[in-house]
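Beneath this line is the structure, given in structure tokens, with notes to follow.
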Amino acid sequence: MATSMVPTEEQLPDVLPTDRLNERGMATRPLRDELRTIDDARNIGTVIGAVALSFGVVGLAGYLHTWWAYLAAFVLMARGHVGLNILGHEAAHRLLFSRQPVNDFVGRWILAYPTYQALLAYRRSHFAHHRDEMGPEEPDLSLYSGYPVPPDSWRRKLKRDATGISAYKNFRGLYRAARKGAAEAKQILMVQGVMIGVSIAVMRPLMYVVWILSWSTLWRVSNRLRSIAEHGGLVRSKDRRLTTHVIRQSLLARFWMVPYHTGWHLAHHVDMGVPWRNLPRLHEELVRSGWVVEELEYPSYRAFWKVASSGTVKQPDVAGAGSGRSSMLDF
């Protein structure tokens, strides 16, 4: 038994470059230009949908004003916050809209700030993550390192998220940044103040309570589960197959935890200039070339989390290959 989640050499075929992919896995022109095209019109609809599944859900709960409506909104806001944050991530990459003033306005004021994310600061740290995953400047190294962890450690991490302890640390940092004069921290608090004010003005303060409680608990758990599934237990390397996991995408996971194709995360790290709509196409190219093989792929998120929390993992069958296709409704 080995205590590593790093793929073996047998799982890393040396097949690049090809006529369609360069030595790093990025598409060559003209395919690269095609994959990097931003669909502004469709993204307008995407943002509207994300707003409807967050602000709209909470607003509907306030309109109905029943305990079950607030409970349903609390649960659905786990997905609502996911959607806003992931589209905020897209805006941080300057890929949500082709006009940068529009991209940044929507990314900051509609997507990121309502979900307590300082988009401009996040953009700077996140680009450091992309430049050298698991390197000395990796902003989330403590989040990704040490996997697989023992089951008791896994439970403690999730308990801190589920009970609001992790969120409290985030809020404390936000308030401290605002007190020190950080512009974005002040803007986030201003947006939250407007949201609180609106909920009070319409005599539905529970709307904001649902908003912040769901973010502080359900979303925190979801965010950790997704983040670990992206990079947990991997190593610093120029080969993105050693820095980013490959996990089979199911309908249920894509709705609740990894919408907007963010689950095709290896493709995103191979070329972070490809908008979310085209990540599956790039992933297909990587598979077709033989660079991404079935042995690299975990059959489901549930299978990955089982390995990540086992404390040990067998090699070389790190991805559970050969166990059969998972249900489309399986995490």
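Ordering of the structure tokens sets the chain letters (A, B, ...), residue numbers begin anew at 1 in every chain, and ligands are numbered from 1 in the order given.
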Checklist entry - If you count only C-alpha atoms, which residues fall within 12 Å of Arg131 in chain A, apart from same-chain ones fewer than 5 positions away, as number ranges by chain? => result A: 124-126, 136-139, 236-238, 240, 243, 269-272
Per residue of range 248-319 of chain A within 7 Å of range 143-158 of chain A, what are the shortest atom pair and its distance in Å to one decimal, counting only C-alpha atoms, with rows by chain and residue number, as a Markdown table?
```
| residue | atom | partner | partner_atom | distance |
| --- | --- | --- | --- | --- |
| A:Val307 | CA | A:Pro148 | CA | 6.7 |
| A:Ala308 | CA | A:Pro148 | CA | 4.3 |
| A:Ser309 | CA | A:Pro151 | CA | 5.1 |
| A:Ser310 | CA | A:Pro150 | CA | 5.6 |
| A:Gly311 | CA | A:Pro150 | CA | 4.2 |
| A:Thr312 | CA | A:Pro148 | CA | 6.1 |
```
For the selection you just gave me, I'd like the residues written to a file as a PDB file, in the first residue's frame, keeping C-alpha atoms.
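Result written to result.pdb:
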```
ATOM      1  CA  VAL A 307      -9.698   7.168  -1.833  1.00  0.00           C
ATOM      2  CA  ALA A 308      -8.874  10.670  -0.566  1.00  0.00           C
ATOM      3  CA  SER A 309     -10.155   9.811   2.914  1.00  0.00           C
ATOM      4  CA  SER A 310      -8.705   6.309   3.107  1.00  0.00           C
ATOM      5  CA  GLY A 311      -5.254   7.251   4.368  1.00  0.00           C
ATOM      6  CA  THR A 312      -3.788   4.801   1.833  1.00  0.00           C
TER       7      THR A 312
END
```
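Across the model, the gap from CA of His245 in chain A to CA of Asp140 in chain A is 15.6 Å.
Minimum atom-to-atom distance to Val293 in chain A, evaluated using only C-alpha atoms, belongs to A:Ile247 out of A:Ile247, A:Gln192, A:Gly164, A:Gly56.
Across the structure, CA of His231 in chain A and CA of Leu21 in chain A are spaced 23.1 Å apart.
Minimum distance to Ile86 in chain A across A:Ile38, A:Leu279, A:Val292, A:Ala112 (counting only C-alpha atoms) occurs at A:Ala112.
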Checklist entry - Restricting the calculation to only C-alpha atoms, which member of A:Asn43, A:Ser98, A:Phe171, A:Arg224 is positioned closest to Lys159 in chain A? => result A:Arg224
Checklist entry - Do you know which residues are at most 9 Å from Asp104 in chain A counting only C-alpha atoms, after dropping those on the same chain fewer than 4 positions away, and could you put them as a PyMOL selection string? => result chain A and resi 91-92+94+96-97+99-100+108-109+119-120
Checklist entry - Could you name the residues that touch Gly273 in chain A at 8 Å or less, counting only C-alpha atoms, but leaving out those on the same chain fewer than 2 positions away, as number ranges by chain? => result A: 36, 93, 95, 268, 271, 275
Please report, as CSV, each residue of range 228-329 of chain A lying at most 12 Å from range 63-76 of chain A, together with the nearest pair of atoms and the separation in Å rounded to one decimal; use only C-alpha atoms, and order rows by chain and ascending residue number.
```
residue,atom,partner,partner_atom,distance
A:Phe255,CA,A:Leu76,CA,10.7
A:Trp256,CA,A:Leu76,CA,8.8
A:Met257,CA,A:Leu76,CA,11.5
```
Next on the checklist: Going by DSSP on the backbone, which residues of range 102-328 of chain A come out as strand (DSSP E or B)? List them as JSON, numbers by chain.
Outcome noted: {"A": [246, 247, 297, 298, 313]}
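CA of Glu297 in chain A is found 6.5 Å from CA of Arg248 in chain A.
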Checklist entry - Which residues, written as a ChimeraX atom specification, have at least one atom at most 12 Å from Ile165 in chain A, with only C-alpha atoms counted and residues fewer than 3 positions away on the same chain left out? => result /A:156-162,168-172,213,215-217,220-221
Next on the checklist: If you run DSSP on the backbone here, which positions in range 119-266 of chain A get helix (DSSP H, G or I)? Please write them as a PyMOL selection string.
Outcome noted: chain A and resi 119-131+141-144+151-162+165-179+183-201+206-231+240-242+251-256+265-266
Quick one: write out the picked residues with C-alpha atoms as an mmCIF file, in the first residue's frame?
```
data_model
loop_
_atom_site.group_PDB
_atom_site.id
_atom_site.type_symbol
_atom_site.label_atom_id
_atom_site.label_comp_id
_atom_site.auth_asym_id
_atom_site.auth_seq_id
_atom_site.Cartn_x
_atom_site.Cartn_y
_atom_site.Cartn_z
ATOM 1 C CA LEU A 119 -12.602 38.947 -7.481
ATOM 2 C CA LEU A 120 -9.610 41.173 -8.250
ATOM 3 C CA ALA A 121 -7.584 39.807 -5.338
ATOM 4 C CA TYR A 122 -8.707 36.293 -6.225
ATOM 5 C CA ARG A 123 -7.579 36.827 -9.820
ATOM 6 C CA ARG A 124 -4.039 37.640 -8.677
ATOM 7 C CA SER A 125 -3.717 34.640 -6.373
ATOM 8 C CA HIS A 126 -5.494 32.284 -8.759
ATOM 9 C CA PHE A 127 -3.124 33.095 -11.599
ATOM 10 C CA ALA A 128 -0.270 32.168 -9.261
ATOM 11 C CA HIS A 129 -2.026 28.821 -8.848
ATOM 12 C CA HIS A 130 -2.111 28.328 -12.614
ATOM 13 C CA ARG A 131 1.485 29.391 -13.181
ATOM 14 C CA LEU A 141 -1.024 24.395 -1.002
ATOM 15 C CA SER A 142 -2.276 23.679 2.514
ATOM 16 C CA LEU A 143 -5.680 22.761 1.090
ATOM 17 C CA TYR A 144 -4.337 20.258 -1.438
ATOM 18 C CA PRO A 151 -10.855 9.069 7.871
ATOM 19 C CA ASP A 152 -10.868 10.933 11.191
ATOM 20 C CA SER A 153 -8.937 13.846 9.657
ATOM 21 C CA TRP A 154 -11.355 13.912 6.717
ATOM 22 C CA ARG A 155 -14.330 14.063 9.065
ATOM 23 C CA ARG A 156 -12.783 16.889 11.099
ATOM 24 C CA LYS A 157 -12.218 18.983 7.973
ATOM 25 C CA LEU A 158 -15.784 18.533 6.770
ATOM 26 C CA LYS A 159 -17.145 19.167 10.265
ATOM 27 C CA ARG A 160 -15.362 22.529 10.421
ATOM 28 C CA ASP A 161 -16.967 23.440 7.104
ATOM 29 C CA ALA A 162 -20.437 22.149 7.951
ATOM 30 C CA ILE A 165 -16.036 27.349 11.645
ATOM 31 C CA SER A 166 -14.290 27.713 8.281
ATOM 32 C CA ALA A 167 -16.717 30.453 7.245
ATOM 33 C CA TYR A 168 -16.082 32.367 10.462
ATOM 34 C CA LYS A 169 -12.377 32.506 9.609
ATOM 35 C CA ASN A 170 -13.244 33.873 6.168
ATOM 36 C CA PHE A 171 -15.529 36.542 7.594
ATOM 37 C CA ARG A 172 -12.949 37.520 10.187
ATOM 38 C CA GLY A 173 -10.369 38.000 7.444
ATOM 39 C CA LEU A 174 -12.840 40.012 5.386
ATOM 40 C CA TYR A 175 -13.622 42.399 8.239
ATOM 41 C CA ARG A 176 -9.949 42.824 9.093
ATOM 42 C CA ALA A 177 -9.142 43.624 5.471
ATOM 43 C CA ALA A 178 -11.926 46.207 5.379
ATOM 44 C CA ARG A 179 -10.661 47.828 8.580
ATOM 45 C CA ALA A 183 -11.142 48.540 -1.285
ATOM 46 C CA GLU A 184 -12.623 45.220 -2.361
ATOM 47 C CA ALA A 185 -13.344 44.153 1.195
ATOM 48 C CA LYS A 186 -15.250 47.392 1.716
ATOM 49 C CA GLN A 187 -17.151 46.867 -1.527
ATOM 50 C CA ILE A 188 -18.128 43.346 -0.508
ATOM 51 C CA LEU A 189 -19.425 44.609 2.827
ATOM 52 C CA MET A 190 -21.302 47.370 1.026
ATOM 53 C CA VAL A 191 -23.023 44.820 -1.212
ATOM 54 C CA GLN A 192 -23.885 42.697 1.819
ATOM 55 C CA GLY A 193 -25.256 45.786 3.556
ATOM 56 C CA VAL A 194 -27.531 46.473 0.579
ATOM 57 C CA MET A 195 -28.737 42.871 0.608
ATOM 58 C CA ILE A 196 -29.444 43.005 4.345
ATOM 59 C CA GLY A 197 -31.201 46.341 3.903
ATOM 60 C CA VAL A 198 -33.426 45.015 1.127
ATOM 61 C CA SER A 199 -34.402 41.936 3.156
ATOM 62 C CA ILE A 200 -35.325 44.143 6.111
ATOM 63 C CA ALA A 201 -37.151 46.689 3.956
ATOM 64 C CA LEU A 206 -34.847 35.449 6.851
ATOM 65 C CA MET A 207 -33.943 35.803 3.181
ATOM 66 C CA TYR A 208 -30.489 37.075 4.104
ATOM 67 C CA VAL A 209 -30.214 34.561 6.947
ATOM 68 C CA VAL A 210 -30.759 31.756 4.424
ATOM 69 C CA TRP A 211 -28.220 33.340 2.060
ATOM 70 C CA ILE A 212 -25.380 33.598 4.564
ATOM 71 C CA LEU A 213 -26.102 30.348 6.428
ATOM 72 C CA SER A 214 -26.128 28.257 3.256
ATOM 73 C CA TRP A 215 -22.828 29.825 2.162
ATOM 74 C CA SER A 216 -21.320 29.279 5.601
ATOM 75 C CA THR A 217 -22.219 25.588 5.793
ATOM 76 C CA LEU A 218 -23.419 23.707 2.720
ATOM 77 C CA TRP A 219 -21.357 25.686 0.239
ATOM 78 C CA ARG A 220 -18.220 25.424 2.365
ATOM 79 C CA VAL A 221 -18.529 21.627 2.357
ATOM 80 C CA SER A 222 -19.192 21.577 -1.389
ATOM 81 C CA ASN A 223 -16.245 23.866 -2.087
ATOM 82 C CA ARG A 224 -13.821 21.674 -0.152
ATOM 83 C CA LEU A 225 -15.071 18.479 -1.796
ATOM 84 C CA ARG A 226 -14.686 20.011 -5.248
ATOM 85 C CA SER A 227 -11.290 21.575 -4.556
ATOM 86 C CA ILE A 228 -9.782 18.354 -3.225
ATOM 87 C CA ALA A 229 -11.170 16.496 -6.221
ATOM 88 C CA GLU A 230 -9.316 18.922 -8.484
ATOM 89 C CA HIS A 231 -5.806 18.804 -7.007
ATOM 90 C CA ARG A 240 -0.680 18.751 -15.791
ATOM 91 C CA ARG A 241 -1.677 15.114 -15.380
ATOM 92 C CA LEU A 242 0.439 15.141 -12.224
ATOM 93 C CA LEU A 251 -25.487 14.746 -14.233
ATOM 94 C CA LEU A 252 -25.975 14.954 -10.472
ATOM 95 C CA ALA A 253 -22.451 16.196 -9.803
ATOM 96 C CA ARG A 254 -22.655 18.676 -12.666
ATOM 97 C CA PHE A 255 -25.811 20.177 -11.209
ATOM 98 C CA TRP A 256 -24.893 20.389 -7.521
ATOM 99 C CA HIS A 265 -10.550 20.571 -14.774
ATOM 100 C CA LEU A 266 -7.519 19.001 -16.417
#
```
